[in-house]
file protein37.pdb (PDB, C-alpha atoms)
ATOM      1  CA  MET E  11      51.259 -28.069-170.205
ATOM      2  CA  THR E  12      49.493 -26.283-173.078
ATOM      3  CA  SER E  13      45.773 -26.996-173.180
ATOM      4  CA  GLU E  14      45.497 -25.828-176.807
ATOM      5  CA  THR E  15      47.069 -29.044-178.111
ATOM      6  CA  ILE E  16      45.377 -31.479-175.756
ATOM      7  CA  THR E  17      42.129 -33.361-176.341
ATOM      8  CA  ALA E  18      40.039 -35.653-174.168
ATOM      9  CA  ALA E  19      41.648 -38.618-175.931
ATOM     10  CA  ASP E  20      44.819 -37.877-173.943
ATOM     11  CA  SER E  21      43.007 -39.027-170.804
ATOM     12  CA  GLY E  22      42.771 -42.595-172.109
ATOM     13  CA  THR E  23      39.666 -44.594-172.869
ATOM     14  CA  TRP E  24      37.195 -46.907-171.157
ATOM     15  CA  THR E  25      34.325 -48.983-172.481
ATOM     16  CA  LEU E  26      30.868 -48.700-170.944
ATOM     17  CA  GLY E  27      29.361 -51.995-172.029
ATOM     18  CA  ASP E  28      30.067 -51.738-175.752
ATOM     19  CA  LEU E  29      30.472 -47.936-175.838
ATOM     20  CA  LYS E  30      34.064 -46.689-175.993
ATOM     21  CA  ILE E  31      34.569 -43.252-174.445
ATOM     22  CA  ASN E  32      37.391 -40.949-173.425
ATOM     23  CA  ARG E  33      37.901 -40.954-169.663
ATOM     24  CA  LEU E  34      37.646 -37.170-169.407
ATOM     25  CA  GLY E  35      34.000 -36.273-169.980
ATOM     26  CA  PHE E  36      31.637 -33.414-169.207
ATOM     27  CA  GLY E  37      28.966 -32.971-166.533
ATOM     28  CA  ALA E  38      25.991 -30.823-167.559
ATOM     29  CA  MET E  39      24.671 -29.905-164.110
ATOM     30  CA  ARG E  40      26.132 -26.358-164.184
ATOM     31  CA  LEU E  41      25.003 -25.539-167.718
ATOM     32  CA  PRO E  42      21.427 -24.290-167.135
ATOM     33  CA  GLN E  43      22.313 -21.585-164.593
ATOM     34  CA  THR E  44      25.027 -19.391-163.156
ATOM     35  CA  GLY E  45      25.861 -19.859-159.500
ATOM     36  CA  GLU E  46      24.395 -22.670-157.429
ATOM     37  CA  ALA E  47      22.753 -25.519-159.327
ATOM     38  CA  LEU E  48      19.507 -27.363-158.605
ATOM     39  CA  ILE E  49      17.752 -24.568-156.742
ATOM     40  CA  ALA E  50      14.346 -23.119-157.576
ATOM     41  CA  ASP E  51      15.436 -19.506-158.050
ATOM     42  CA  ALA E  52      18.631 -20.156-160.018
ATOM     43  CA  VAL E  53      19.739 -17.483-162.487
ATOM     44  CA  PRO E  54      19.491 -18.868-166.056
ATOM     45  CA  ARG E  55      22.763 -18.980-167.995
ATOM     46  CA  ASP E  56      23.045 -17.194-171.324
ATOM     47  CA  ARG E  57      21.790 -19.681-173.899
ATOM     48  CA  ASP E  58      24.492 -18.994-176.476
ATOM     49  CA  GLN E  59      27.202 -19.364-173.855
ATOM     50  CA  ALA E  60      25.862 -22.756-172.746
ATOM     51  CA  ILE E  61      25.609 -23.990-176.324
ATOM     52  CA  GLY E  62      29.130 -22.748-176.995
ATOM     53  CA  VAL E  63      30.478 -24.663-174.008
ATOM     54  CA  LEU E  64      28.956 -27.922-175.237
ATOM     55  CA  ARG E  65      30.254 -27.481-178.746
ATOM     56  CA  ARG E  66      33.702 -26.582-177.439
ATOM     57  CA  ALA E  67      33.766 -29.718-175.291
ATOM     58  CA  VAL E  68      32.982 -31.917-178.283
ATOM     59  CA  GLU E  69      35.577 -30.085-180.392
ATOM     60  CA  LEU E  70      38.115 -31.027-177.715
ATOM     61  CA  GLY E  71      37.257 -34.703-177.974
ATOM     62  CA  VAL E  72      34.747 -35.072-175.159
ATOM     63  CA  ASN E  73      32.439 -37.931-176.111
ATOM     64  CA  HIS E  74      30.843 -38.667-172.737
ATOM     65  CA  ILE E  75      28.275 -36.207-171.363
ATOM     66  CA  ASP E  76      26.483 -36.717-168.065
ATOM     67  CA  THR E  77      23.062 -35.108-167.694
ATOM     68  CA  ALA E  78      19.570 -35.488-166.205
ATOM     69  CA  ALA E  79      16.064 -34.186-166.822
ATOM     70  CA  PHE E  80      16.147 -32.575-163.362
ATOM     71  CA  TYR E  81      19.118 -30.399-164.397
ATOM     72  CA  PHE E  82      17.227 -27.219-165.188
ATOM     73  CA  SER E  83      16.744 -23.610-164.144
ATOM     74  CA  PRO E  84      14.033 -21.128-165.150
ATOM     75  CA  LEU E  85      14.182 -20.992-168.986
ATOM     76  CA  ARG E  86      17.026 -23.524-169.332
ATOM     77  CA  SER E  87      17.200 -27.331-169.426
ATOM     78  CA  ALA E  88      20.502 -29.187-169.691
ATOM     79  CA  ASN E  89      18.973 -31.886-171.881
ATOM     80  CA  GLU E  90      17.414 -29.424-174.296
ATOM     81  CA  LEU E  91      20.646 -27.407-174.461
ATOM     82  CA  ILE E  92      22.490 -30.612-175.356
ATOM     83  CA  ASN E  93      19.883 -31.379-178.020
ATOM     84  CA  ARG E  94      20.104 -27.874-179.480
ATOM     85  CA  ALA E  95      23.901 -27.720-179.430
ATOM     86  CA  LEU E  96      24.867 -31.187-180.629
ATOM     87  CA  THR E  97      22.206 -32.624-182.930
ATOM     88  CA  PRO E  98      22.777 -34.364-185.188
ATOM     89  CA  TYR E  99      24.737 -36.174-182.496
ATOM     90  CA  PRO E 100      28.259 -37.395-183.307
ATOM     91  CA  ASP E 101      28.356 -41.152-183.796
ATOM     92  CA  ASP E 102      30.755 -41.652-180.891
ATOM     93  CA  LEU E 103      28.925 -39.436-178.387
ATOM     94  CA  VAL E 104      27.655 -41.246-175.283
ATOM     95  CA  ILE E 105      25.033 -39.454-173.197
ATOM     96  CA  THR E 106      24.526 -40.738-169.674
ATOM     97  CA  THR E 107      21.470 -39.635-167.733
ATOM     98  CA  LYS E 108      19.938 -40.261-164.321
ATOM     99  CA  VAL E 109      16.475 -41.081-163.069
ATOM    100  CA  GLY E 110      14.998 -41.378-159.610
ATOM    101  CA  PRO E 111      14.914 -37.762-158.396
ATOM    102  CA  GLY E 112      12.424 -35.303-159.846
ATOM    103  CA  ARG E 113      11.565 -31.608-159.604
ATOM    104  CA  ASP E 114       8.280 -29.835-160.239
ATOM    105  CA  PRO E 115       8.086 -27.049-162.871
ATOM    106  CA  SER E 116       8.985 -24.435-160.255
ATOM    107  CA  GLY E 117      12.176 -26.327-159.445
ATOM    108  CA  HIS E 118      11.221 -27.797-156.090
ATOM    109  CA  TRP E 119      12.184 -31.393-155.351
ATOM    110  CA  LEU E 120       9.639 -34.187-155.526
ATOM    111  CA  PRO E 121       9.768 -37.577-153.795
ATOM    112  CA  HIS E 122      11.989 -40.055-155.626
ATOM    113  CA  ALA E 123      10.199 -41.982-158.330
ATOM    114  CA  THR E 124       8.543 -45.288-157.611
ATOM    115  CA  PRO E 125       9.138 -48.195-160.010
ATOM    116  CA  GLU E 126       5.898 -47.271-161.783
ATOM    117  CA  LEU E 127       7.052 -43.687-162.388
ATOM    118  CA  LEU E 128      10.524 -44.475-163.707
ATOM    119  CA  ARG E 129       9.274 -45.169-167.238
ATOM    120  CA  GLY E 130       7.871 -41.637-167.404
ATOM    121  CA  GLN E 131      11.245 -40.215-166.350
ATOM    122  CA  VAL E 132      13.022 -42.270-169.003
ATOM    123  CA  GLU E 133      10.554 -41.103-171.654
ATOM    124  CA  GLU E 134      11.025 -37.467-170.596
ATOM    125  CA  ASN E 135      14.784 -37.790-171.053
ATOM    126  CA  LEU E 136      14.193 -39.321-174.480
ATOM    127  CA  ARG E 137      11.911 -36.456-175.459
ATOM    128  CA  GLN E 138      14.220 -33.714-174.243
ATOM    129  CA  LEU E 139      17.298 -35.236-175.846
ATOM    130  CA  GLY E 140      15.534 -36.147-179.088
ATOM    131  CA  ARG E 141      16.655 -39.772-178.901
ATOM    132  CA  ASP E 142      14.919 -43.080-179.537
ATOM    133  CA  HIS E 143      16.994 -44.756-176.820
ATOM    134  CA  LEU E 144      19.252 -43.688-173.951
ATOM    135  CA  ASP E 145      22.882 -44.816-173.982
ATOM    136  CA  VAL E 146      23.270 -45.205-170.213
ATOM    137  CA  VAL E 147      20.727 -44.619-167.455
ATOM    138  CA  ASN E 148      21.838 -44.399-163.828
ATOM    139  CA  LEU E 149      19.370 -45.133-161.073
ATOM    140  CA  ARG E 150      20.099 -42.475-158.448
ATOM    141  CA  ILE E 151      19.030 -43.323-154.926
ATOM    142  CA  VAL E 152      19.118 -42.043-151.371
ATOM    143  CA  GLY E 153      19.564 -44.351-148.415
ATOM    144  CA  THR E 154      20.441 -48.001-147.911
ATOM    145  CA  ASP E 155      17.142 -49.757-148.704
ATOM    146  CA  SER E 156      16.766 -52.384-151.411
ATOM    147  CA  ILE E 157      16.793 -51.109-154.989
ATOM    148  CA  ALA E 158      15.548 -54.350-156.537
ATOM    149  CA  GLU E 159      12.110 -53.111-157.610
ATOM    150  CA  ARG E 160      13.358 -49.839-159.048
ATOM    151  CA  PHE E 161      16.359 -51.316-160.797
ATOM    152  CA  GLY E 162      14.182 -54.157-162.057
ATOM    153  CA  ALA E 163      11.849 -51.616-163.655
ATOM    154  CA  LEU E 164      14.801 -50.094-165.531
ATOM    155  CA  ALA E 165      16.002 -53.546-166.527
ATOM    156  CA  GLU E 166      12.608 -54.106-168.171
ATOM    157  CA  LEU E 167      13.004 -50.856-170.126
ATOM    158  CA  ARG E 168      16.442 -52.038-171.187
ATOM    159  CA  GLU E 169      14.914 -55.252-172.482
ATOM    160  CA  ALA E 170      12.322 -53.148-174.340
ATOM    161  CA  GLY E 171      15.098 -51.238-176.128
ATOM    162  CA  LEU E 172      14.606 -47.827-174.486
ATOM    163  CA  ILE E 173      17.903 -48.110-172.599
ATOM    164  CA  ARG E 174      21.190 -49.551-173.821
ATOM    165  CA  HIS E 175      23.110 -49.847-170.545
ATOM    166  CA  LEU E 176      22.380 -49.390-166.837
ATOM    167  CA  GLY E 177      24.307 -47.782-164.008
ATOM    168  CA  LEU E 178      23.877 -46.678-160.409
ATOM    169  CA  SER E 179      24.358 -43.368-158.598
ATOM    170  CA  ASN E 180      24.857 -42.392-154.949
ATOM    171  CA  ILE E 181      24.951 -45.988-153.784
ATOM    172  CA  HIS E 182      26.506 -48.206-151.154
ATOM    173  CA  PRO E 183      28.551 -51.276-152.130
ATOM    174  CA  HIS E 184      25.748 -53.722-151.348
ATOM    175  CA  HIS E 185      23.539 -51.993-153.916
ATOM    176  CA  LEU E 186      25.932 -52.901-156.725
ATOM    177  CA  ALA E 187      25.789 -56.571-155.824
ATOM    178  CA  GLU E 188      21.993 -56.439-155.602
ATOM    179  CA  ALA E 189      21.675 -54.754-158.996
ATOM    180  CA  GLN E 190      24.104 -57.129-160.691
ATOM    181  CA  GLY E 191      21.829 -59.982-159.720
ATOM    182  CA  ILE E 192      19.135 -58.341-161.866
ATOM    183  CA  ALA E 193      20.960 -56.898-164.905
ATOM    184  CA  PRO E 194      24.507 -55.880-165.937
ATOM    185  CA  VAL E 195      25.831 -52.637-164.410
ATOM    186  CA  VAL E 196      28.358 -50.651-166.465
ATOM    187  CA  CYS E 197      29.059 -47.747-164.070
ATOM    188  CA  VAL E 198      28.764 -46.442-160.531
ATOM    189  CA  GLN E 199      28.520 -42.689-160.011
ATOM    190  CA  ASN E 200      29.305 -41.555-156.456
ATOM    191  CA  GLN E 201      30.724 -38.485-154.744
ATOM    192  CA  TYR E 202      34.491 -38.918-154.406
ATOM    193  CA  GLY E 203      37.654 -36.843-154.521
ATOM    194  CA  ILE E 204      40.731 -35.796-152.565
ATOM    195  CA  GLY E 205      39.646 -35.840-148.929
ATOM    196  CA  VAL E 206      36.108 -36.898-149.818
ATOM    197  CA  ARG E 207      34.930 -40.392-148.858
ATOM    198  CA  PRO E 208      38.296 -42.092-148.382
ATOM    199  CA  GLU E 209      36.283 -44.906-146.813
ATOM    200  CA  HIS E 210      35.113 -45.717-150.355
ATOM    201  CA  ASP E 211      38.652 -46.401-151.629
ATOM    202  CA  ALA E 212      38.127 -50.164-151.424
ATOM    203  CA  PHE E 213      34.813 -49.860-153.251
ATOM    204  CA  VAL E 214      36.475 -47.850-156.027
ATOM    205  CA  ARG E 215      39.059 -50.620-156.432
ATOM    206  CA  SER E 216      36.368 -53.295-156.303
ATOM    207  CA  CYS E 217      34.469 -51.656-159.155
ATOM    208  CA  GLY E 218      37.602 -51.821-161.284
ATOM    209  CA  GLU E 219      38.130 -55.488-160.460
ATOM    210  CA  GLN E 220      34.579 -56.145-161.679
ATOM    211  CA  GLY E 221      35.014 -54.132-164.888
ATOM    212  CA  VAL E 222      32.579 -51.461-163.677
ATOM    213  CA  ALA E 223      33.450 -47.822-164.349
ATOM    214  CA  PHE E 224      33.605 -45.573-161.302
ATOM    215  CA  VAL E 225      32.486 -42.019-162.094
ATOM    216  CA  PRO E 226      33.106 -39.526-159.277
ATOM    217  CA  PHE E 227      30.961 -36.423-159.062
ATOM    218  CA  TYR E 228      32.025 -33.215-157.281
ATOM    219  CA  SER E 229      35.648 -34.290-157.701
ATOM    220  CA  ILE E 230      36.619 -30.598-157.870
ATOM    221  CA  ALA E 231      33.864 -29.028-155.747
ATOM    222  CA  GLY E 232      34.127 -31.582-152.941
ATOM    223  CA  THR E 233      31.716 -30.749-150.148
ATOM    224  CA  GLY E 234      30.890 -27.499-151.964
ATOM    225  CA  ARG E 235      28.651 -29.741-154.062
ATOM    226  CA  THR E 236      26.078 -27.751-156.055
ATOM    227  CA  VAL E 237      27.596 -24.427-154.985
ATOM    228  CA  GLY E 238      30.991 -25.298-156.464
ATOM    229  CA  ALA E 239      34.536 -25.174-155.142
ATOM    230  CA  SER E 240      35.148 -22.836-152.217
ATOM    231  CA  GLY E 241      38.456 -21.510-153.550
ATOM    232  CA  ALA E 242      40.295 -22.591-150.404
ATOM    233  CA  GLU E 243      43.074 -25.060-151.094
ATOM    234  CA  ARG E 244      45.760 -26.937-149.195
ATOM    235  CA  GLU E 245      49.390 -26.047-149.804
ATOM    236  CA  GLU E 246      50.203 -29.610-150.869
ATOM    237  CA  VAL E 247      47.776 -29.355-153.795
ATOM    238  CA  LEU E 248      49.036 -25.899-154.694
ATOM    239  CA  ALA E 249      52.642 -27.119-154.653
ATOM    240  CA  VAL E 250      51.855 -29.870-157.147
ATOM    241  CA  ALA E 251      49.973 -27.353-159.282
ATOM    242  CA  ARG E 252      52.951 -24.973-159.310
ATOM    243  CA  GLU E 253      55.330 -27.774-160.243
ATOM    244  CA  HIS E 254      53.291 -28.556-163.350
ATOM    245  CA  GLY E 255      52.165 -25.022-164.141
ATOM    246  CA  VAL E 256      48.498 -25.949-163.769
ATOM    247  CA  SER E 257      45.568 -25.087-161.494
ATOM    248  CA  ALA E 258      44.558 -26.844-158.286
ATOM    249  CA  ALA E 259      41.374 -28.016-160.042
ATOM    250  CA  GLN E 260      43.473 -29.711-162.715
ATOM    251  CA  VAL E 261      45.519 -31.465-160.031
ATOM    252  CA  ARG E 262      42.305 -32.747-158.453
ATOM    253  CA  LEU E 263      41.101 -34.101-161.792
ATOM    254  CA  ALA E 264      44.469 -35.747-162.476
ATOM    255  CA  TRP E 265      44.368 -37.383-159.031
ATOM    256  CA  THR E 266      40.878 -38.665-159.786
ATOM    257  CA  LEU E 267      41.979 -40.304-163.042
ATOM    258  CA  HIS E 268      45.067 -41.690-161.295
ATOM    259  CA  ARG E 269      42.831 -43.859-159.067
ATOM    260  CA  GLY E 270      42.531 -46.463-161.813
ATOM    261  CA  PRO E 271      41.941 -46.959-165.534
ATOM    262  CA  HIS E 272      38.245 -47.541-164.828
ATOM    263  CA  VAL E 273      37.825 -44.171-163.081
ATOM    264  CA  LEU E 274      36.253 -41.490-165.259
ATOM    265  CA  ALA E 275      35.917 -37.733-164.713
ATOM    266  CA  ILE E 276      32.916 -35.550-165.549
ATOM    267  CA  PRO E 277      33.816 -31.994-164.494
ATOM    268  CA  GLY E 278      31.130 -29.464-165.292
ATOM    269  CA  THR E 279      31.334 -25.784-166.134
ATOM    270  CA  GLY E 280      29.584 -23.029-168.038
ATOM    271  CA  ASN E 281      32.873 -21.333-168.962
ATOM    272  CA  PRO E 282      34.475 -22.228-172.343
ATOM    273  CA  ASP E 283      37.966 -21.538-170.965
ATOM    274  CA  HIS E 284      37.368 -23.912-168.082
ATOM    275  CA  VAL E 285      36.312 -26.624-170.541
ATOM    276  CA  ALA E 286      39.743 -26.497-172.187
ATOM    277  CA  ALA E 287      41.498 -26.511-168.811
ATOM    278  CA  ASN E 288      39.474 -29.487-167.588
ATOM    279  CA  VAL E 289      40.207 -31.436-170.754
ATOM    280  CA  ALA E 290      43.906 -30.601-170.421
ATOM    281  CA  ALA E 291      43.897 -32.154-166.948
ATOM    282  CA  GLY E 292      43.366 -35.515-168.606
ATOM    283  CA  ALA E 293      46.916 -35.318-169.967
ATOM    284  CA  LEU E 294      48.486 -34.336-166.632
ATOM    285  CA  ARG E 295      50.705 -37.126-165.317
ATOM    286  CA  LEU E 296      51.593 -36.884-161.658
ATOM    287  CA  CYS E 297      55.253 -37.427-160.783
ATOM    288  CA  GLU E 298      56.241 -40.515-158.827
ATOM    289  CA  GLU E 299      56.041 -39.001-155.338
ATOM    290  CA  GLU E 300      53.050 -36.711-155.920
ATOM    291  CA  PRO E 301      50.244 -39.288-155.554
ATOM    292  CA  ALA E 302      51.637 -40.208-152.136
ATOM    293  CA  VAL E 303      51.664 -36.536-151.085
ATOM    294  CA  LEU E 304      48.051 -36.103-152.183
ATOM    295  CA  GLU E 305      47.131 -39.389-150.538
ATOM    296  CA  THR E 306      48.024 -37.920-147.140
ATOM    297  CA  LEU E 307      45.362 -35.262-147.759
ATOM    298  CA  HIS E 308      42.845 -37.831-148.921
ATOM    299  CA  GLY E 309      42.820 -39.426-145.499
ATOM    300  CA  LEU E 310      42.053 -36.160-143.709
ATOM    301  CA  PRO E 311      38.526 -34.984-142.872
ATOM    302  CA  PRO E 312      37.119 -32.771-145.676
ATOM    303  CA  ALA E 313      37.204 -29.574-143.608
ATOM    304  CA  VAL E 314      40.884 -30.115-142.913
ATOM    305  CA  ALA E 315      41.661 -31.035-146.515
ATOM    306  CA  GLY E 316      40.348 -27.717-147.799
ATOM    307  CA  GLU E 317      37.130 -29.089-149.249
TER     308      GLU E 317
END

call {"tool": "encode", "arguments": {"input": "protein37.pdb", "output": "structure tokens"}}
result
Amino acid sequence: MTSETITAADSGTWTLGDLKINRLGFGAMRLPQTGEALIADAVPRDRDQAIGVLRRAVELGVNHIDTAAFYFSPLRSANELINRALTPYPDDLVITTKVGPGRDPSGHWLPHATPELLRGQVEENLRQLGRDHLDVVNLRIVGTDSIAERFGALAELREAGLIRHLGLSNIHPHHLAEAQGIAPVVCVQNQYGIGVRPEHDAFVRSCGEQGVAFVPFYSIAGTGRTVGASGAEREEVLAVAREHGVSAAQVRLAWTLHRGPHVLAIPGTGNPDHVAANVAAGALRLCEEEPAVLETLHGLPPAVAGE
């Protein structure tokens, strides 16, 4: 598989509400820093490198970028890097952002936003991105409590024209049903991957049956989360990678997309070469028996599955 001739369009397409995107997108969490993300003392990434990564992604057909105002390091903000690199924005570019969590200027986490504070978070994303509306806003939560008040506040901002479509992040299945009783939901963004949350398989399928995109995060990093992939890998994944002449990370992305036409991928990186490799994974088609082999790993605990 030669990544030079492959674009994100080879991954197929999905429609978020009325916004058509390629299924292989880009996550901006790793852009503002090198090393671990979302920590107070992160090392800022070279600005030109970060801008180059974004422009390379768009050159390769990526038209779905996932970001958040709380993606920043000292001197660098993912939203402002996106603004600097890509304005004027391509007509087909869809930028998805998240609200709920917040960090103070030193990078330390704040309590999640109340319904009254969500408007300020939406307006901050608008300011940083230089937009007059946000394409998709995910309400990110922690826990199992009702989200009605918070999601209702975002639904009001949608009615006011500040938000085009709404989604949810880090949720349980009952949250989707609760939110849908308030306003349409176009996507669910949860942690998911080979060996990670196999108990959510039914929920992933249910989202597809309802026409809701499922957008896994950490599909490569797994339980490495903000630190990134550990580098350890199971032989079964490596064997599939060797068969196709690709990396283990590309196999993991291909498996993710194989879960259903509604499943999207948003791998993040600050390396231009990795951008091309991630995009190329969207064209990787697993052979008939390979999904079953990888499925045996999916049912194992993460530590056993090399996560």

call {"tool": "atom_distance", "arguments": {"input": "protein37.pdb", "atom1": "atom CA of Gly110 of chain E", "atom2": "atom CA of Val146 of chain E"}}
result
14.0 Å

call {"tool": "resolve_selection", "arguments": {"input": "protein37.pdb", "expression": "the PyMOL selection byres ((chain E and resi 178) around 10)", "output": "JSON, numbers by chain"}}
result
{"E": [108, 109, 146, 147, 148, 149, 150, 151, 157, 161, 176, 177, 179, 180, 181, 182, 185, 186, 189, 195, 196, 197, 198, 199, 200, 224, 225]}

call {"tool": "closest_atom_pairs", "arguments": {"input": "protein37.pdb", "of": "segment 254-290 of chain E", "to": "segment 212-219 of chain E", "cutoff": "12 Å", "atoms": "all atoms listed in the file", "output": "CSV"}}
result
residue,atom,partner,partner_atom,distance
E:Thr266,CA,E:Val214,CA,10.9
E:Leu267,CA,E:Val214,CA,11.7
E:His268,CA,E:Arg215,CA,11.8
E:Arg269,CA,E:Val214,CA,8.1
E:Gly270,CA,E:Gly218,CA,7.3
E:Pro271,CA,E:Gly218,CA,7.8
E:His272,CA,E:Gly218,CA,5.6
E:Val273,CA,E:Gly218,CA,7.9
E:Leu274,CA,E:Gly218,CA,11.2

call {"tool": "write_last_selection", "arguments": {"input": "protein37.pdb", "atoms": "C-alpha atoms", "output": "PDB file, keeping the file's coordinate frame"}}
result
ATOM      1  CA  THR E 266      40.878 -38.665-159.786  1.00  0.00           C
ATOM      2  CA  LEU E 267      41.979 -40.304-163.042  1.00  0.00           C
ATOM      3  CA  HIS E 268      45.067 -41.690-161.295  1.00  0.00           C
ATOM      4  CA  ARG E 269      42.831 -43.859-159.067  1.00  0.00           C
ATOM      5  CA  GLY E 270      42.531 -46.463-161.813  1.00  0.00           C
ATOM      6  CA  PRO E 271      41.941 -46.959-165.534  1.00  0.00           C
ATOM      7  CA  HIS E 272      38.245 -47.541-164.828  1.00  0.00           C
ATOM      8  CA  VAL E 273      37.825 -44.171-163.081  1.00  0.00           C
ATOM      9  CA  LEU E 274      36.253 -41.490-165.259  1.00  0.00           C
TER      10      LEU E 274
END

call {"tool": "residues_near_point", "arguments": {"input": "protein37.pdb", "point": "(38.6, -41.5, -170.1)", "cutoff": "9 Å", "atoms": "all atoms listed in the file", "output": "ChimeraX atom specification"}}
result
/E:18-25,31-35,74,267,271-275,292

call {"tool": "write_last_selection", "arguments": {"input": "protein37.pdb", "atoms": "C-alpha atoms", "output": "mmCIF file, keeping the file's coordinate frame"}}
result
data_model
loop_
_atom_site.group_PDB
_atom_site.id
_atom_site.type_symbol
_atom_site.label_atom_id
_atom_site.label_comp_id
_atom_site.auth_asym_id
_atom_site.auth_seq_id
_atom_site.Cartn_x
_atom_site.Cartn_y
_atom_site.Cartn_z
ATOM 1 C CA ALA E 18 40.039 -35.653 -174.168
ATOM 2 C CA ALA E 19 41.648 -38.618 -175.931
ATOM 3 C CA ASP E 20 44.819 -37.877 -173.943
ATOM 4 C CA SER E 21 43.007 -39.027 -170.804
ATOM 5 C CA GLY E 22 42.771 -42.595 -172.109
ATOM 6 C CA THR E 23 39.666 -44.594 -172.869
ATOM 7 C CA TRP E 24 37.195 -46.907 -171.157
ATOM 8 C CA THR E 25 34.325 -48.983 -172.481
ATOM 9 C CA ILE E 31 34.569 -43.252 -174.445
ATOM 10 C CA ASN E 32 37.391 -40.949 -173.425
ATOM 11 C CA ARG E 33 37.901 -40.954 -169.663
ATOM 12 C CA LEU E 34 37.646 -37.170 -169.407
ATOM 13 C CA GLY E 35 34.000 -36.273 -169.980
ATOM 14 C CA HIS E 74 30.843 -38.667 -172.737
ATOM 15 C CA LEU E 267 41.979 -40.304 -163.042
ATOM 16 C CA PRO E 271 41.941 -46.959 -165.534
ATOM 17 C CA HIS E 272 38.245 -47.541 -164.828
ATOM 18 C CA VAL E 273 37.825 -44.171 -163.081
ATOM 19 C CA LEU E 274 36.253 -41.490 -165.259
ATOM 20 C CA ALA E 275 35.917 -37.733 -164.713
ATOM 21 C CA GLY E 292 43.366 -35.515 -168.606
#

call {"tool": "resolve_selection", "arguments": {"input": "protein37.pdb", "expression": "the PyMOL selection byres ((chain E and resi 83-89) around 8)", "output": "list in words"}}
result
Ala38, Met39, Leu41, Pro42, Gln43, Ala47, Leu48, Ile49, Ala50, Asp51, Ala52, Val53, Pro54, Arg55, Arg57, Thr77, Ala78, Ala79, Tyr81, Phe82, Glu90, Leu91, Ile92, Asn93, Ser116, Gly117, Asn135, Gln138 and Leu139 of chain E

call {"tool": "write_last_selection", "arguments": {"input": "protein37.pdb", "atoms": "C-alpha atoms", "output": "mmCIF file, in the frame of the given file"}}
result
data_model
loop_
_atom_site.group_PDB
_atom_site.id
_atom_site.type_symbol
_atom_site.label_atom_id
_atom_site.label_comp_id
_atom_site.auth_asym_id
_atom_site.auth_seq_id
_atom_site.Cartn_x
_atom_site.Cartn_y
_atom_site.Cartn_z
ATOM 1 C CA ALA E 38 25.991 -30.823 -167.559
ATOM 2 C CA MET E 39 24.671 -29.905 -164.110
ATOM 3 C CA LEU E 41 25.003 -25.539 -167.718
ATOM 4 C CA PRO E 42 21.427 -24.290 -167.135
ATOM 5 C CA GLN E 43 22.313 -21.585 -164.593
ATOM 6 C CA ALA E 47 22.753 -25.519 -159.327
ATOM 7 C CA LEU E 48 19.507 -27.363 -158.605
ATOM 8 C CA ILE E 49 17.752 -24.568 -156.742
ATOM 9 C CA ALA E 50 14.346 -23.119 -157.576
ATOM 10 C CA ASP E 51 15.436 -19.506 -158.050
ATOM 11 C CA ALA E 52 18.631 -20.156 -160.018
ATOM 12 C CA VAL E 53 19.739 -17.483 -162.487
ATOM 13 C CA PRO E 54 19.491 -18.868 -166.056
ATOM 14 C CA ARG E 55 22.763 -18.980 -167.995
ATOM 15 C CA ARG E 57 21.790 -19.681 -173.899
ATOM 16 C CA THR E 77 23.062 -35.108 -167.694
ATOM 17 C CA ALA E 78 19.570 -35.488 -166.205
ATOM 18 C CA ALA E 79 16.064 -34.186 -166.822
ATOM 19 C CA TYR E 81 19.118 -30.399 -164.397
ATOM 20 C CA PHE E 82 17.227 -27.219 -165.188
ATOM 21 C CA GLU E 90 17.414 -29.424 -174.296
ATOM 22 C CA LEU E 91 20.646 -27.407 -174.461
ATOM 23 C CA ILE E 92 22.490 -30.612 -175.356
ATOM 24 C CA ASN E 93 19.883 -31.379 -178.020
ATOM 25 C CA SER E 116 8.985 -24.435 -160.255
ATOM 26 C CA GLY E 117 12.176 -26.327 -159.445
ATOM 27 C CA ASN E 135 14.784 -37.790 -171.053
ATOM 28 C CA GLN E 138 14.220 -33.714 -174.243
ATOM 29 C CA LEU E 139 17.298 -35.236 -175.846
#

call {"tool": "closest_residue", "arguments": {"input": "protein37.pdb", "among": "E:Gly278, E:Arg295, E:Glu126, E:Tyr228", "to": "His254 of chain E", "atoms": "all atoms listed in the file"}}
result
E:Arg295

call {"tool": "closest_residue", "arguments": {"input": "protein37.pdb", "among": "E:Ala287, E:Ala95, E:Leu164, E:Leu172", "to": "Thr124 of chain E", "atoms": "all atoms listed in the file"}}
result
E:Leu164

call {"tool": "atom_distance", "arguments": {"input": "protein37.pdb", "atom1": "atom CA of Gly112 of chain E", "atom2": "atom CA of Leu167 of chain E"}}
result
18.7 Å

call {"tool": "closest_residue", "arguments": {"input": "protein37.pdb", "among": "E:Thr106, E:Ser257, E:Thr44, E:Thr306", "to": "Leu26 of chain E", "atoms": "only C-alpha atoms"}}
result
E:Thr106
